[in-house]
Amino acid sequence: MKNRRVFVYKETNIQIAFDKGIRGAPRFKGIDHWHRFNPNSTNNKDMYLDKNGNPTGKNTNPSHIKPCK
């Protein structure tokens, strides 16, 4: 994705991705948001962690974490 940047914390191997919103795009594609990858993922149904650290699937609302203001 052109609008995605992935970051890895080397000390903990935690991976996060920042998706820049695309102006005029619907839903989460139109707003800036984060994804936190689940290090114990086995498939797309538990690919990410929500803002509380609970496993959640790809393309689910809880997998999209809005930036703090």
# chains A, B, ... in the order shown; residues from 1 in each chain; ligands from 1

call {"tool": "residues_around", "arguments": {"residues": "stretch 25-33 of chain A", "least_positions_apart": "3", "cutoff": "12 Å", "atoms": "only C-alpha atoms", "output": "PyMOL selection string"}}
result
chain A and resi 1+3-5+16-22+36+50-51+59-69

call {"tool": "residues_around", "arguments": {"residues": "stretch 39-48 of chain A", "least_positions_apart": "2", "cutoff": "8 Å", "atoms": "only C-alpha atoms", "output": "list in words"}}
result
Ile14, His35, Arg36, Phe37, Asp50, Pro55, Thr56, Gly57, Lys58 and Ser63 of chain A

call {"tool": "select_by_dssp", "arguments": {"residues": "chain A", "states": "strand (DSSP E or B)", "output": "MDAnalysis selection string"}}
result
chainID A and resid 4:9 14:19 33:37 48:49 55:56 65

call {"tool": "write_last_selection", "arguments": {"atoms": "N, CA and C atoms", "output": "CSV table (one decimal), in the first residue's frame"}}
result
chain,number,residue,atom,x,y,z
A,4,ARG,N,0.7,3.2,3.5
A,4,ARG,CA,1.0,2.5,4.8
A,4,ARG,C,2.5,2.5,5.1
A,5,ARG,N,2.8,2.7,6.4
A,5,ARG,CA,4.1,2.6,6.9
A,5,ARG,C,4.1,1.7,8.0
A,6,VAL,N,5.1,0.7,8.0
A,6,VAL,CA,5.2,-0.3,9.1
A,6,VAL,C,6.4,0.0,9.9
A,7,PHE,N,6.2,-0.1,11.2
A,7,PHE,CA,7.2,0.2,12.2
A,7,PHE,C,7.4,-1.1,13.1
A,8,VAL,N,8.7,-1.4,13.4
A,8,VAL,CA,9.0,-2.5,14.3
A,8,VAL,C,9.8,-2.0,15.4
A,9,TYR,N,9.4,-2.3,16.7
A,9,TYR,CA,10.1,-2.0,17.9
A,9,TYR,C,11.1,-3.2,18.0
A,14,ILE,N,7.5,-5.8,18.4
A,14,ILE,CA,6.1,-5.4,18.2
A,14,ILE,C,6.1,-4.7,16.9
A,15,GLN,N,5.1,-5.0,16.0
A,15,GLN,CA,4.9,-4.4,14.7
A,15,GLN,C,3.6,-3.6,14.7
A,16,ILE,N,3.7,-2.4,14.2
A,16,ILE,CA,2.5,-1.6,14.0
A,16,ILE,C,2.5,-1.0,12.6
A,17,ALA,N,1.4,-0.7,12.1
A,17,ALA,CA,1.3,-0.1,10.8
A,17,ALA,C,0.5,1.2,10.9
A,18,PHE,N,0.9,2.3,10.2
A,18,PHE,CA,0.1,3.5,10.1
A,18,PHE,C,-0.4,3.6,8.7
A,19,ASP,N,-1.7,3.8,8.6
A,19,ASP,CA,-2.4,4.0,7.3
A,19,ASP,C,-2.8,5.4,7.2
A,33,HIS,N,-5.2,6.1,10.6
A,33,HIS,CA,-5.4,5.1,11.7
A,33,HIS,C,-4.2,4.1,11.8
A,34,TRP,N,-4.1,3.4,12.9
A,34,TRP,CA,-3.1,2.4,13.2
A,34,TRP,C,-3.6,1.0,13.2
A,35,HIS,N,-2.7,0.1,13.0
A,35,HIS,CA,-3.0,-1.3,13.2
A,35,HIS,C,-1.8,-1.9,14.0
A,36,ARG,N,-2.2,-2.7,15.0
A,36,ARG,CA,-1.1,-3.4,15.8
A,36,ARG,C,-1.2,-4.8,15.5
A,37,PHE,N,-0.1,-5.4,14.9
A,37,PHE,CA,-0.1,-6.8,14.5
A,37,PHE,C,-0.1,-7.7,15.7
A,48,TYR,N,-4.8,-8.8,13.9
A,48,TYR,CA,-4.4,-7.6,14.6
A,48,TYR,C,-4.9,-7.7,16.1
A,49,LEU,N,-4.4,-6.7,16.9
A,49,LEU,CA,-4.8,-6.5,18.2
A,49,LEU,C,-5.6,-5.2,18.3
A,55,PRO,N,-7.2,-9.9,20.5
A,55,PRO,CA,-7.1,-10.3,19.1
A,55,PRO,C,-8.4,-9.9,18.4
A,56,THR,N,-8.2,-9.4,17.2
A,56,THR,CA,-9.3,-9.0,16.3
A,56,THR,C,-8.9,-9.3,14.8
A,65,ILE,N,-7.3,1.6,14.8
A,65,ILE,CA,-7.1,2.4,16.0
A,65,ILE,C,-6.8,3.8,15.6

call {"tool": "select_by_dssp", "arguments": {"residues": "chain A", "states": "helix (DSSP H, G or I)", "output": "list in words"}}
result
Arg27, Phe28, Lys29, Gly30, Asn44, Lys45, Asp46, Asn61, Pro62 and Ser63 of chain A

call {"tool": "decode", "arguments": {"residues": "stretch 4-68 of chain A", "atoms": "C-alpha atoms", "output": "compact mmCIF listing (two decimals), in the first residue's frame"}}
result
# COMPACT_ATOMS: atom_id res chain seq x y z
CA ARG A 4 1.02 2.48 4.75
CA ARG A 5 4.15 2.65 6.89
CA VAL A 6 5.16 -0.30 9.06
CA PHE A 7 7.24 0.16 12.22
CA VAL A 8 9.01 -2.53 14.27
CA TYR A 9 10.15 -2.03 17.85
CA LYS A 10 13.39 -4.00 17.80
CA GLU A 11 13.56 -4.61 21.57
CA THR A 12 10.13 -6.27 21.70
CA ASN A 13 9.54 -7.16 18.02
CA ILE A 14 6.12 -5.42 18.19
CA GLN A 15 4.94 -4.38 14.74
CA ILE A 16 2.50 -1.56 14.02
CA ALA A 17 1.29 -0.06 10.77
CA PHE A 18 0.12 3.49 10.13
CA ASP A 19 -2.36 3.97 7.29
CA LYS A 20 -2.69 7.56 6.06
CA GLY A 21 -6.29 8.41 5.20
CA ILE A 22 -7.13 9.06 1.56
CA ARG A 23 -9.22 12.18 1.08
CA GLY A 24 -12.75 11.31 0.00
CA ALA A 25 -12.37 7.57 0.60
CA PRO A 26 -15.13 5.84 2.58
CA ARG A 27 -14.94 4.61 6.17
CA PHE A 28 -11.47 3.92 7.60
CA LYS A 29 -9.76 4.35 4.23
CA GLY A 30 -10.58 8.04 4.56
CA ILE A 31 -9.05 8.63 8.01
CA ASP A 32 -5.60 8.20 9.53
CA HIS A 33 -5.39 5.07 11.69
CA TRP A 34 -3.08 2.44 13.19
CA HIS A 35 -3.00 -1.35 13.19
CA ARG A 36 -1.14 -3.37 15.82
CA PHE A 37 -0.11 -6.78 14.53
CA ASN A 38 -0.86 -9.80 16.70
CA PRO A 39 2.44 -11.68 17.27
CA ASN A 40 0.46 -14.88 17.93
CA SER A 41 -1.77 -14.63 14.86
CA THR A 42 -2.70 -17.83 13.07
CA ASN A 43 -4.99 -16.39 10.35
CA ASN A 44 -6.87 -13.26 9.19
CA LYS A 45 -9.43 -13.67 12.01
CA ASP A 46 -6.83 -12.76 14.65
CA MET A 47 -4.34 -10.79 12.53
CA TYR A 48 -4.43 -7.62 14.65
CA LEU A 49 -4.84 -6.51 18.25
CA ASP A 50 -7.44 -3.92 19.24
CA LYS A 51 -6.62 -0.86 21.37
CA ASN A 52 -6.90 -3.02 24.52
CA GLY A 53 -4.61 -5.78 23.23
CA ASN A 54 -7.35 -8.28 22.37
CA PRO A 55 -7.10 -10.28 19.12
CA THR A 56 -9.31 -9.05 16.29
CA GLY A 57 -9.68 -9.83 12.62
CA LYS A 58 -8.55 -8.10 9.49
CA ASN A 59 -11.02 -5.45 8.22
CA THR A 60 -12.89 -5.26 11.55
CA ASN A 61 -13.73 -1.96 13.22
CA PRO A 62 -11.69 -2.74 16.38
CA SER A 63 -8.58 -3.42 14.26
CA HIS A 64 -8.54 0.25 13.23
CA ILE A 65 -7.06 2.38 16.01
CA LYS A 66 -7.55 6.13 15.66
CA PRO A 67 -4.59 8.36 16.60
CA CYS A 68 -4.72 10.22 19.91
